[in-house]
Each structure stands twice: as structure tokens, then as C-alpha cells.
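A quick write-up on the structure given underneath.
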Number of protein chains: 2
Amino acid sequence: MTTTKNDRILLAHGGGGQLTDELVRNLILPSFDNDVLARLSDSAELNLASGSVCFTTDSYVVKPLFFNGGDIGKLAVCGTINDLAVAGARPAALCLSLIIEEGFEVELLKKILASAGKAARENDAPIVAGDTKTVEAGSADKIFINTAGIGERLPGAKLAMERIEVGDKILINGTIGDHGMAIISQREGIKFESELKSDCAAVCGLTSRLLQETNGVKFMRDPTRGGLAATLNEIVRGSGLSVEIHEADIPVDATVRAAADMLGFDILAIANEGKFVAVVSAESAEECLRICRAHPLGAQASLIGEVGETHDVPMVEMVTKIGGRRIVQMPYGRELPRIC
Amino acid sequence: MTTTKNDRILLAHGGGGQLTDELVRNLILPSFDNDVLARLSDSAELNLASGSVCFTTDSYVVKPLFFNGGDIGKLAVCGTINDLAVAGARPAALCLSLIIEEGFEVELLKKILASAGKAARENDAPIVAGDTKTVEAGSADKIFINTAGIGERLPGAKLAMERIEVGDKILINGTIGDHGMAIISQREGIKFESELKSDCAAVCGLTSRLLQETNGVKFMRDPTRGGLAATLNEIVRGSGLSVEIHEADIPVDATVRAAADMLGFDILAIANEGKFVAVVSAESAEECLRICRAHPLGAQASLIGEVGETHDVPMVEMVTKIGGRRIVQMPYGRELPRIC
């Protein structure tokens with residue numbers, strides 16, 4: 001911001017006056033360059049092909065702001081795109097809203113905005129509206145970002161928990177636990193021989209291919225906070241059916257596994273940021289796997305289990321590598337604060 | 001949350017596990033009761049009449065959280081509805097995202113959610129998706145709320161800065177400065193003989209009446225942060241035309257004026273949260289005024305000025321009560337942090 005000569009964010013950058021205007025024009029508009037945003041209307045106006053709209057929101061409070069594999073800007077864009085993607089939608093547009101602590105370095109803000117803008121462009125999900133608020137030093141931890149997104153349901157995508165049946169297969173597009181273990185190891189200052197890297201990525205390209213090239217996908221969800229364990233438990237609760245997974249079929253990076261073991265985390269409860277779980281029909285399962293494996297974000301995709309009858313109460317069970325059985329519970333939630 | 005026996009928010013309430021689930025089911029769903037939200041999908045799905053969608057976002061960091069005339073929940077809903085309303089849209093749905101400081105009282109959260117839910121229902125703008133994040137004590141100031149909104153453009157509403165012409169009139173739907181002065185006086189602990197009260201309200205009912213009963217409205221904007229001064233300067237910059245306003249015609253509550261004078265604030269730069277500025281054709285001005293005055297949120301509406309030729313650079317000028325002229329500048333922005 002050459003005009004303000006400030007290298008730190010001031011409270012006045014959120015005041016709605018000259019300084020807000022300079023911040024928006026000098027920093028934000030160039031990062032997200034597009035015509036709709038450039039109008040700076042109170043609301044962006046968009047023309048979608050149909051009136052069927054998917055709508056989602058997420059706030060991001062990840063700590064640290066920059067991590068191996070991404071940063072809060074990329075995460076905020078990819079995370080909200082993924083919520084649209086797993087709903088069977090093509091992301092159409094995003095809003096991005098900043099809450100910035102007074103004193104935050106403008107250079108870091110620039111990096112975060114550039115990263116968010118890059119992720120938005122790469123996934124054809126323009127950031128069309130935004131907001132900037134500032135709070136006094138000590139009233140927030142550096143920066144929080146909210147992204148909301150709208151998308152159009154892809155033709156033929158009929159995803160619903162209610163469609164899940166006994167015999168359906170559970171597919172995941174790659175290794176689990178990468179994001180959570182990358183964040184926690186960086187936060188704790190622990191180094192491993194091979195560096196842990198977040199899987200932070202937008203999966204909309206792969207999910208849309210799956211939905212367009214097969215008709216076997218019945219439900220999808222991204223296993224973020226609470227990890228695979230939370231997602232599978234949500235599926236069990238929503239469908240009323242049980243799920244059995246096979247530990248040996250769940251892809252886990254060796255360093256991620258070592259880190260989780262060392263730090264005492266259950267890998268099933270660790271957050272992912274570039275993964276989706278798909279429930280697919282038995283007939284389409286191999287075809288879905290093939291489509292995933294042909295895509296850069298699905299090279300390590302795996303069929304990890306299946307939907308089964310409920311005997312007593314519907315539950316998630318895991319057949320362990322040594323042939324035992326273990327109930328996979330909904331995590332309590334205190335494992336990893338500020339993971340996304 | 002009877003099941004958790006907690007009267008304060010814990011970090012685990014944002015962990016994506018059991019406690020998040022309890023928070024969502026016991027507190028959030030009942031506050032915003034509607035079928036789309038109750039599905040707890042990754043994205044809400046909505047059917048709009050057309051594919052023309054308005055999309056907006058705002059984060060709210062107001063301090064104090066509860067103020068005379070409203071609270072952060074009502075403000076977050078009304079503020080985003082107003083951004084859609086002044087764009088000429090009927091609000092269709094909102095997303096609401098919470099960032100909560102560890103230790104925040106659950107009772108206060110309940111009140112805030114109830115207030116947000118009430119405002120959403122009253123304005124037929126259901127909250128269809130949401131998110132909850134928690135951060136450690138000291139990493140945020142109690143609670144921040146983001147609301148994003150989508151709306152459908154009202155038939156016949158063609159609002160654009162480009163339509164503004166010399167001779168158009170400037171209309172405001174009531175007194176200015178009420179929100180900002182209510183917040184600041186409460187924050188500073190200053191009492192006045194008659195209590196200051198925020199104008200916090202959703203103006204969509206009135207704006208839609210204006211747009212449906214006349215065709216003279218060319219542009220609208222809500223004068224929030226930066227107040228009337230910022231909004232008029234944005235109009236001048238966007239249209240390339242000058243604006244002249246008449247101090248004597250600007251409605252100001254006597255106590256608000258006294259408070260602003262006493263505390264040294266320029267009333268023109270103070271935030272409003274239930275007001276809109278409309279630029280209307282000269283022919284329709286009296287009709288627009290009549291429509292406003294017949295509505296509870298426009299009883300004190302006034303025509304406060306007009307659009308004029310630009311001589312040197314386009315600017316906002318005010319004819320003072322004693323007949324002098326004063327240039328109204330874009331405020332710098334440091335007047336009132338955390339006003340919304």
C-alpha cells in the first residue's frame with residue numbers, strides 16, 4: 001500500500017473510510033482481479049444457468065497461518081470449494097471476509113491474499129464480494145478469514161444420505177491425516193526425516209469428473225475437523241446403516257503415521273483438507289477408483305470399506321491389520337484446536 | 001446444552017466431534033429452525049426463481065455485544081440483509097459462521113443466536129448453513145460473527161451508479177448517527193437524558209416497496225461504517241457527478257446530535273444500521289418520500305440533497321444551516337473501531 005506508507009494494519013483500515021478504501025483498492029482488488037468484484041457493489045450479482053444454488057460458509061482460524069503445503073488464504077478458498085464439491089456442485093463464486101488484528105504485517109496479508117486469489121483462479125471460483133474488519137491488538141490472533149461460496153448442482157448429481165444402501169462401498173481419494181499432522185508438528189516444532197505436508201487442495205475437479213463419468217456416487221463428504229472418524233459416524237447416523245472399514249486399505253503416509261503414533265493421535269480423527277469420502281454403489285466402485293487414480297488428487301485413492309446391515313445400533317467398525325475389530329467412535333473434539 | 005453440562009464454550013466445541021455436534025443440535029438448529037439447515041449438508045441447496053443471484057458477506061466484531069436496540073446477532077442478520085436490499089434484491093437465504101473465544105458464556109451465545117434467528121424469521125431470510133470455530137481464551141474478543149447472504153434481484157430493479165444523472169434527488173429513510181452514537185456512548189459509559197438507541201433493522205421490506213411501487217430509484221447504499229459521508233463520496237466517485245446536501249434537511253435525533261457534539265464526532269461520518277441512501281429521479285422523489293413515510297422504518301425519511309454538475313472535481317458539498325458551504329470528505333476511518 002504505497003499510498004498509506006503503512007507496513008502494518010491499523011484500526012482505521014477497518015473504519016470504512018479512506019484507509020479501508022486504499023486497502024481494498026491497492027491490496028484486495030488486485031489479488032482477486034475480476035469484473036464482478038471490481039464493481040464494489042453492496043452485493044455481487046451473478047448469472048447462473050439455473051436457479052438451483054448450493055450455498056455454504058466456513059471460517060478459518062488455523063494456527064500457524066503459513067504451513068507446509070499451504071496457508072490460511074489457500075485453505076479458506078479450497079475448504080469452501082470442497083464443501084460445494086462434495087455437495088455435487090460446481091463452485092460458481094466465493095465471498096471472502098477478513099478479521100484482522102491491529103498491527104498485522106501488510107506483507108503477510110499480501111501473501112495470504114495472493115495465495116487465496118491463486119487458489120480461486122485455479123479452480124474457476126472467483127472471489128466476487130468481501131469485507132474487511134479490524135480489531136484492536138490483543139482482540140484477535142493475527143487474522144481470521146471467512147469464505148462463503150455458491151455453486152451450481154452438476155447435472156445428474158443426486159447426492160443424499162438417504163440413497164446409501166447395504167453393499168455400497170466407501171472410497172477415499174488418498175492418504176489421511178496429512179493436514180492435521182503437518183499443522184500440529186509445525187506448531188509443536190517437531191521435525192521428522194521427511195517433512196510433513198498438508199494435503200490442502202480443492203477437489204472439485206476430481207469430484208466433478210466422478211459425477212460426470214459415473215452415476216454410482218451416492219454421497220460425498222470432506223473429512224476435515226474430526227477426520228475420517230467423524231465423517232463415517234455422520235454417514236452412519238444419517239443413513240441408519242453401519243459401516244465397516246479395513247485398516248489395511250486406508251492409505252496413510254509413513255511419516256504421518258509415525259508422527260501420529262509418537263504424539264498419541266488417532267489418525268482416523270485427524271483433519272484432512274484435500275480429501276473426500278464417497279459412498280459409491282458396488283457396481284461402480286472399481287470405475288470410481290480408476291477415475292480417481294487417473295487424477296493427481298486421487299493417485300492413492302482406495303476402497304476402504306463397505307456399508308452393512310445394522311444389527312444393534314448403527315456403528316462404524318474397523319477391521320484392524322491383525323484381524324481384530326474396533327468400534328470407531330465420533331471423536332470428542334478436543335484433539336486439535338485451530339486446525340482449520 | 002443439557003447434555004454437556006457446560007455453561008461456557010470449550011475449545012472442543014469447535015473440534016468437529018461430539019461437542020461440536022451437541023452445540024449444533026442443541027443450540028444452533030433450534031435457534032434457526034428450518035428444513036434446509038436441519039439437513040446439515042456440506043452446502044445448503046436452494047431453489048431460486050431465476051439464476052440471477054446477488055451474493056454478499058460481512059463480518060461483525062461490534063463491541064459491546066449487546067447494545068440498546070440490538071446485539072451482534074441481530075446486527076449480523078440485518079446488516080447482510082441490508083446489503084442485499086440496497087442491491088435491489090429480496091433476501092433468499094443466509095449463512096452464519098461463528099468464531100467463539102474459549103470460555104464464552106453459553107447463555108450469552110443462546111441470546112445472540114435467538115436474536116439472529118428472530119431477525120432472520122421476521123425478514124423471511126432463513127439461515128440455511130453455518131460453521132462454528134473456537135479459539136483459545138485471549139485469541140479473540142468473545143465472539144465474532146460472519147453472515148453471507150444470497151438474494152434474488154427484484155423484477156424491475158435496475159440499480160447502478162451509472163444511471164445517476166444531474167437533477168436526481170438524494171433520499172434517506174430517517175435519522176442518521178443513531179447506531180454509532182448508541183455504541184460509543186455505551187462503550188464510554190456516558191448517559192444522556194433520553195437513552196441513545198441503535199437503529200439496527202432490516203430495511204428490505206421498505207426497499208422492496210420502493211422498487212415495486214415506483215421506477216424512479218436509480219441507486220441505493222446503506223451508510224454503515226463511514227456513515228453518510230462515506231456513502232455520498234462513493235456515489236460521487238462512482239457517478240463522476242457532484243452531490244449537494246442541505247444540513248437543515250438531514251434528520252438527526254436531538255440526543256444523538258448532542259452526544260456527537262459533546263464527544264467531538266462528525267455526525268455525517270457515524271455508522272447507521274437501519275438506513276439507506278437512495279438516489280431517485282426528480283419526478284419520482286415526492287412519491288418515494290411518501291412511500292417511505294408510510295413505512296415504520298421511513299417515518300422520518302427526508303430528501304436531503306441533489307446530484308449536480310461537476311465543475312472541477314466531483315465532490316460532496318453541504319449547505320450548512322446558516323447558509324455556508326462545506327466540503328464533505330471521505331472520512332479517514334479511525335473514528336469508531338468495532339462499530340459493527
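To be explicit about the labels: the chains of the C-alpha cells are called A, B, and onward in the order shown, and within each one the residues are counted from 1, while ligands get numbers from 1 in the order they are shown.
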
>> When you look at A:Ala12 with a cut-off of 8 Å (counting only C-alpha atoms), what residues show up, excluding the ones that are within fewer than 2 positions of it in the same chain? I need them as a VMD selection string.
In response: (chain A and resid 10 14 to 17 19 to 20 134) or (chain B and resid 332 to 335 337)

For the selection you just gave me, I'd like the residues written to a file as a CSV table (one decimal), in the first residue's frame, keeping all heavy atoms.
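Below you can see selection19.csv, which holds the result:
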chain,number,residue,atom,x,y,z
A,10,LEU,N,-3.7,-0.9,10.5
A,10,LEU,CA,-4.2,0.0,11.6
A,10,LEU,C,-5.7,-0.3,11.8
A,10,LEU,O,-6.4,-0.8,10.9
A,10,LEU,CB,-4.0,1.4,11.1
A,10,LEU,CG,-2.6,1.8,10.6
A,10,LEU,CD1,-2.6,3.3,10.2
A,10,LEU,CD2,-1.6,1.6,11.7
A,14,GLY,N,-10.1,-0.7,8.9
A,14,GLY,CA,-11.4,-1.3,9.0
A,14,GLY,C,-12.5,-0.3,9.3
A,14,GLY,O,-13.6,-0.7,9.6
A,15,GLY,N,-12.2,1.0,9.1
A,15,GLY,CA,-13.2,2.0,9.5
A,15,GLY,C,-14.2,2.4,8.5
A,15,GLY,O,-15.1,3.2,8.7
A,16,GLY,N,-14.0,1.9,7.3
A,16,GLY,CA,-15.0,2.2,6.2
A,16,GLY,C,-14.7,3.6,5.6
A,16,GLY,O,-15.5,4.0,4.8
A,17,GLY,N,-13.5,4.1,5.8
A,17,GLY,CA,-13.2,5.4,5.2
A,17,GLY,C,-12.1,5.3,4.2
A,17,GLY,O,-11.9,4.3,3.5
A,19,LEU,N,-8.8,4.8,4.5
A,19,LEU,CA,-7.9,3.8,4.6
A,19,LEU,C,-8.4,2.4,4.2
A,19,LEU,O,-7.7,1.6,3.7
A,19,LEU,CB,-7.3,3.7,6.1
A,19,LEU,CG,-5.8,4.1,6.1
A,19,LEU,CD1,-5.6,5.5,5.6
A,19,LEU,CD2,-5.3,3.9,7.5
A,20,THR,N,-9.7,2.2,4.5
A,20,THR,CA,-10.3,0.9,4.1
A,20,THR,C,-10.3,0.9,2.6
A,20,THR,O,-10.0,-0.1,1.9
A,20,THR,CB,-11.8,0.9,4.6
A,20,THR,OG1,-11.8,1.0,6.0
A,20,THR,CG2,-12.5,-0.4,4.2
A,134,THR,N,-11.3,-4.7,11.3
A,134,THR,CA,-10.1,-4.7,12.1
A,134,THR,C,-10.5,-4.7,13.5
A,134,THR,O,-11.6,-4.1,13.9
A,134,THR,CB,-9.2,-3.5,11.8
A,134,THR,OG1,-10.0,-2.3,11.9
A,134,THR,CG2,-8.6,-3.5,10.4
B,332,TYR,N,-11.5,9.5,7.3
B,332,TYR,CA,-10.3,8.7,7.3
B,332,TYR,C,-10.5,7.3,7.7
B,332,TYR,O,-9.9,6.4,7.2
B,332,TYR,CB,-9.3,9.5,8.2
B,332,TYR,CG,-7.9,8.8,8.3
B,332,TYR,CD1,-7.0,9.0,7.2
B,332,TYR,CD2,-7.5,8.1,9.4
B,332,TYR,CE1,-5.8,8.4,7.3
B,332,TYR,CE2,-6.3,7.6,9.5
B,332,TYR,CZ,-5.4,7.7,8.5
B,332,TYR,OH,-4.2,7.1,8.5
B,333,GLY,N,-11.3,7.1,8.7
B,333,GLY,CA,-11.7,5.7,9.1
B,333,GLY,C,-11.3,5.4,10.5
B,333,GLY,O,-11.6,4.2,10.9
B,334,ARG,N,-10.8,6.3,11.3
B,334,ARG,CA,-10.4,5.8,12.6
B,334,ARG,C,-11.4,6.3,13.7
B,334,ARG,O,-11.1,6.1,14.9
B,334,ARG,CB,-9.0,6.3,13.0
B,334,ARG,CG,-8.9,7.9,13.1
B,334,ARG,CD,-7.5,8.3,13.1
B,334,ARG,NE,-6.9,8.0,14.4
B,334,ARG,CZ,-5.6,8.2,14.7
B,334,ARG,NH1,-4.8,8.6,13.7
B,334,ARG,NH2,-5.1,8.0,15.9
B,335,GLU,N,-12.5,6.9,13.3
B,335,GLU,CA,-13.4,7.4,14.2
B,335,GLU,C,-13.9,6.4,15.2
B,335,GLU,O,-13.8,6.6,16.4
B,335,GLU,CB,-14.6,8.0,13.5
B,335,GLU,CG,-14.3,9.3,12.6
B,335,GLU,CD,-13.7,8.9,11.3
B,335,GLU,OE1,-13.6,7.7,11.0
B,335,GLU,OE2,-13.2,9.8,10.6
B,337,PRO,N,-13.7,2.4,15.9
B,337,PRO,CA,-13.5,1.0,15.7
B,337,PRO,C,-14.5,0.1,16.2
B,337,PRO,O,-15.2,0.4,17.2
B,337,PRO,CB,-12.1,0.8,16.4
B,337,PRO,CG,-12.0,1.9,17.3
B,337,PRO,CD,-12.8,3.0,16.8

>> as a PyMOL selection string, could you give me every residue of chain A near chain B (at most 6 Å apart, counting only C-alpha atoms)?
In response: chain A and resi 12+15-18+42-58+83-84+129-131+139-141+225-226+330-334

>> From a backbone DSSP assignment, name each residue in stretch 27-210 of chain A labelled strand (DSSP E or B), as a ChimeraX atom specification.
In response: /A:44-47,52-60,66-67,70-71,89-101,105,127-135,140,143-153,169-172

>> I want to know what sits within 12 Å of A:Ala294, based on only C-alpha atoms, with residues of the same chain fewer than 4 positions away left out; could you give that as a PyMOL selection string?
In response: chain A and resi 173+205-206+209-210+287-290+298-301

Print the selection's residues with N, CA, C and O atoms to a file, as an mmCIF file, in the first residue's frame.
data_model
loop_
_atom_site.group_PDB
_atom_site.id
_atom_site.type_symbol
_atom_site.label_atom_id
_atom_site.label_comp_id
_atom_site.auth_asym_id
_atom_site.auth_seq_id
_atom_site.Cartn_x
_atom_site.Cartn_y
_atom_site.Cartn_z
ATOM 1 N N ASN A 173 -10.045 -40.557 -1.514
ATOM 2 C CA ASN A 173 -9.185 -40.238 -2.657
ATOM 3 C C ASN A 173 -7.695 -40.200 -2.337
ATOM 4 O O ASN A 173 -6.907 -39.834 -3.209
ATOM 5 N N GLY A 205 -12.322 -30.530 -9.149
ATOM 6 C CA GLY A 205 -12.041 -31.096 -10.469
ATOM 7 C C GLY A 205 -12.265 -32.606 -10.476
ATOM 8 O O GLY A 205 -12.894 -33.157 -11.388
ATOM 9 N N LEU A 206 -11.790 -33.255 -9.443
ATOM 10 C CA LEU A 206 -11.935 -34.709 -9.347
ATOM 11 C C LEU A 206 -13.387 -35.116 -9.041
ATOM 12 O O LEU A 206 -13.919 -36.046 -9.667
ATOM 13 N N ARG A 209 -15.488 -34.859 -12.124
ATOM 14 C CA ARG A 209 -15.218 -35.947 -13.064
ATOM 15 C C ARG A 209 -15.954 -37.225 -12.627
ATOM 16 O O ARG A 209 -16.601 -37.890 -13.442
ATOM 17 N N LEU A 210 -15.858 -37.527 -11.362
ATOM 18 C CA LEU A 210 -16.559 -38.708 -10.825
ATOM 19 C C LEU A 210 -18.063 -38.638 -11.108
ATOM 20 O O LEU A 210 -18.688 -39.621 -11.509
ATOM 21 N N GLU A 287 -14.806 -48.591 -11.114
ATOM 22 C CA GLU A 287 -14.760 -47.495 -12.091
ATOM 23 C C GLU A 287 -14.443 -46.169 -11.377
ATOM 24 O O GLU A 287 -13.636 -45.367 -11.857
ATOM 25 N N CYS A 288 -15.060 -45.942 -10.229
ATOM 26 C CA CYS A 288 -14.787 -44.729 -9.442
ATOM 27 C C CYS A 288 -13.320 -44.693 -9.019
ATOM 28 O O CYS A 288 -12.664 -43.645 -9.084
ATOM 29 N N LEU A 289 -12.819 -45.839 -8.596
ATOM 30 C CA LEU A 289 -11.424 -45.932 -8.168
ATOM 31 C C LEU A 289 -10.487 -45.600 -9.335
ATOM 32 O O LEU A 289 -9.509 -44.859 -9.174
ATOM 33 N N ARG A 290 -10.816 -46.127 -10.501
ATOM 34 C CA ARG A 290 -9.999 -45.885 -11.695
ATOM 35 C C ARG A 290 -9.980 -44.388 -12.032
ATOM 36 O O ARG A 290 -8.925 -43.808 -12.331
ATOM 37 N N GLY A 298 -6.014 -38.010 -6.750
ATOM 38 C CA GLY A 298 -6.591 -39.292 -6.373
ATOM 39 C C GLY A 298 -5.652 -40.461 -6.620
ATOM 40 O O GLY A 298 -6.078 -41.622 -6.609
ATOM 41 N N ALA A 299 -4.368 -40.164 -6.810
ATOM 42 C CA ALA A 299 -3.406 -41.202 -7.184
ATOM 43 C C ALA A 299 -3.363 -42.337 -6.149
ATOM 44 O O ALA A 299 -3.125 -43.488 -6.490
ATOM 45 N N GLN A 300 -3.599 -41.981 -4.889
ATOM 46 C CA GLN A 300 -3.553 -43.013 -3.840
ATOM 47 C C GLN A 300 -4.953 -43.365 -3.336
ATOM 48 O O GLN A 300 -5.115 -43.814 -2.196
ATOM 49 N N ALA A 301 -5.954 -43.151 -4.184
ATOM 50 C CA ALA A 301 -7.335 -43.461 -3.794
ATOM 51 C C ALA A 301 -7.454 -44.931 -3.421
ATOM 52 O O ALA A 301 -6.697 -45.780 -3.901
#

> as a VMD selection string, which residues of stretch 65-281 of chain B does DSSP assign to helix (DSSP H, G or I)?
Replying inline: chain B and resid 72 to 86 106 to 122 161 to 163 178 to 188 204 to 213 227 to 239 247 to 249 254 to 263 267 to 269

> Within 8 Å of B:Ala259, counting only C-alpha atoms, which residues qualify if same-chain residues fewer than 2 places away don't, as a VMD selection string?
Replying inline: chain B and resid 181 185 192 255 to 257 261 to 263

Next, write the just-selected residues to a file, as a PDB file, in the first residue's frame, keeping all heavy atoms as the atom set.
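That gives us selection.pdb:
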ATOM      1  N   MET B 181     -23.643   6.364  17.650  1.00  0.00           N
ATOM      2  CA  MET B 181     -23.631   7.093  18.916  1.00  0.00           C
ATOM      3  C   MET B 181     -24.154   6.222  20.058  1.00  0.00           C
ATOM      4  O   MET B 181     -23.709   6.379  21.204  1.00  0.00           O
ATOM      5  CB  MET B 181     -24.408   8.406  18.806  1.00  0.00           C
ATOM      6  CG  MET B 181     -23.751   9.456  17.894  1.00  0.00           C
ATOM      7  SD  MET B 181     -21.934   9.618  18.039  1.00  0.00           S
ATOM      8  CE  MET B 181     -21.765  10.061  19.765  1.00  0.00           C
ATOM      9  N   SER B 185     -21.526   5.650  23.111  1.00  0.00           N
ATOM     10  CA  SER B 185     -21.900   6.168  24.433  1.00  0.00           C
ATOM     11  C   SER B 185     -21.961   5.029  25.439  1.00  0.00           C
ATOM     12  O   SER B 185     -21.559   5.165  26.582  1.00  0.00           O
ATOM     13  CB  SER B 185     -23.229   6.919  24.375  1.00  0.00           C
ATOM     14  OG  SER B 185     -24.278   6.027  24.100  1.00  0.00           O
ATOM     15  N   PHE B 192     -27.194   9.826  28.750  1.00  0.00           N
ATOM     16  CA  PHE B 192     -27.877  11.059  28.339  1.00  0.00           C
ATOM     17  C   PHE B 192     -29.289  11.024  28.893  1.00  0.00           C
ATOM     18  O   PHE B 192     -29.776   9.965  29.291  1.00  0.00           O
ATOM     19  CB  PHE B 192     -27.883  11.181  26.818  1.00  0.00           C
ATOM     20  CG  PHE B 192     -26.503  11.333  26.256  1.00  0.00           C
ATOM     21  CD1 PHE B 192     -25.766  10.215  25.881  1.00  0.00           C
ATOM     22  CD2 PHE B 192     -25.932  12.579  26.121  1.00  0.00           C
ATOM     23  CE1 PHE B 192     -24.478  10.344  25.381  1.00  0.00           C
ATOM     24  CE2 PHE B 192     -24.645  12.717  25.621  1.00  0.00           C
ATOM     25  CZ  PHE B 192     -23.918  11.601  25.248  1.00  0.00           C
ATOM     26  N   THR B 255     -30.815  14.046  20.803  1.00  0.00           N
ATOM     27  CA  THR B 255     -29.848  13.484  21.753  1.00  0.00           C
ATOM     28  C   THR B 255     -28.613  12.976  21.022  1.00  0.00           C
ATOM     29  O   THR B 255     -27.486  13.115  21.500  1.00  0.00           O
ATOM     30  CB  THR B 255     -30.490  12.330  22.565  1.00  0.00           C
ATOM     31  OG1 THR B 255     -31.744  12.781  23.090  1.00  0.00           O
ATOM     32  CG2 THR B 255     -29.590  11.900  23.704  1.00  0.00           C
ATOM     33  N   VAL B 256     -28.819  12.376  19.847  1.00  0.00           N
ATOM     34  CA  VAL B 256     -27.687  11.903  19.044  1.00  0.00           C
ATOM     35  C   VAL B 256     -26.807  13.092  18.669  1.00  0.00           C
ATOM     36  O   VAL B 256     -25.576  13.034  18.771  1.00  0.00           O
ATOM     37  CB  VAL B 256     -28.184  11.164  17.778  1.00  0.00           C
ATOM     38  CG1 VAL B 256     -27.039  10.910  16.810  1.00  0.00           C
ATOM     39  CG2 VAL B 256     -28.868   9.850  18.169  1.00  0.00           C
ATOM     40  N   ARG B 257     -27.440  14.185  18.288  1.00  0.00           N
ATOM     41  CA  ARG B 257     -26.665  15.371  17.917  1.00  0.00           C
ATOM     42  C   ARG B 257     -25.879  15.896  19.124  1.00  0.00           C
ATOM     43  O   ARG B 257     -24.684  16.192  19.016  1.00  0.00           O
ATOM     44  CB  ARG B 257     -27.570  16.471  17.359  1.00  0.00           C
ATOM     45  CG  ARG B 257     -26.765  17.697  16.894  1.00  0.00           C
ATOM     46  CD  ARG B 257     -27.637  18.840  16.393  1.00  0.00           C
ATOM     47  NE  ARG B 257     -28.497  18.479  15.280  1.00  0.00           N
ATOM     48  CZ  ARG B 257     -28.083  18.376  14.012  1.00  0.00           C
ATOM     49  NH1 ARG B 257     -26.820  18.594  13.718  1.00  0.00           N
ATOM     50  NH2 ARG B 257     -28.930  18.061  13.061  1.00  0.00           N
ATOM     51  N   ASP B 261     -21.832  16.071  19.323  1.00  0.00           N
ATOM     52  CA  ASP B 261     -21.174  17.358  19.570  1.00  0.00           C
ATOM     53  C   ASP B 261     -20.276  17.262  20.800  1.00  0.00           C
ATOM     54  O   ASP B 261     -19.122  17.676  20.785  1.00  0.00           O
ATOM     55  CB  ASP B 261     -22.221  18.461  19.787  1.00  0.00           C
ATOM     56  CG  ASP B 261     -22.890  18.854  18.465  1.00  0.00           C
ATOM     57  OD1 ASP B 261     -22.390  18.409  17.399  1.00  0.00           O
ATOM     58  OD2 ASP B 261     -23.904  19.571  18.505  1.00  0.00           O
ATOM     59  N   MET B 262     -20.837  16.669  21.865  1.00  0.00           N
ATOM     60  CA  MET B 262     -20.105  16.582  23.119  1.00  0.00           C
ATOM     61  C   MET B 262     -18.821  15.754  22.968  1.00  0.00           C
ATOM     62  O   MET B 262     -17.779  16.095  23.509  1.00  0.00           O
ATOM     63  CB  MET B 262     -21.005  15.921  24.162  1.00  0.00           C
ATOM     64  CG  MET B 262     -20.514  16.081  25.573  1.00  0.00           C
ATOM     65  SD  MET B 262     -21.581  15.141  26.689  1.00  0.00           S
ATOM     66  CE  MET B 262     -20.646  13.623  26.805  1.00  0.00           C
ATOM     67  N   LEU B 263     -18.938  14.640  22.189  1.00  0.00           N
ATOM     68  CA  LEU B 263     -17.799  13.733  22.069  1.00  0.00           C
ATOM     69  C   LEU B 263     -16.895  14.092  20.886  1.00  0.00           C
ATOM     70  O   LEU B 263     -15.885  13.434  20.652  1.00  0.00           O
ATOM     71  CB  LEU B 263     -18.291  12.286  21.955  1.00  0.00           C
ATOM     72  CG  LEU B 263     -19.053  11.761  23.188  1.00  0.00           C
ATOM     73  CD1 LEU B 263     -19.767  10.461  22.883  1.00  0.00           C
ATOM     74  CD2 LEU B 263     -18.097  11.576  24.372  1.00  0.00           C
TER      75      LEU B 263
END
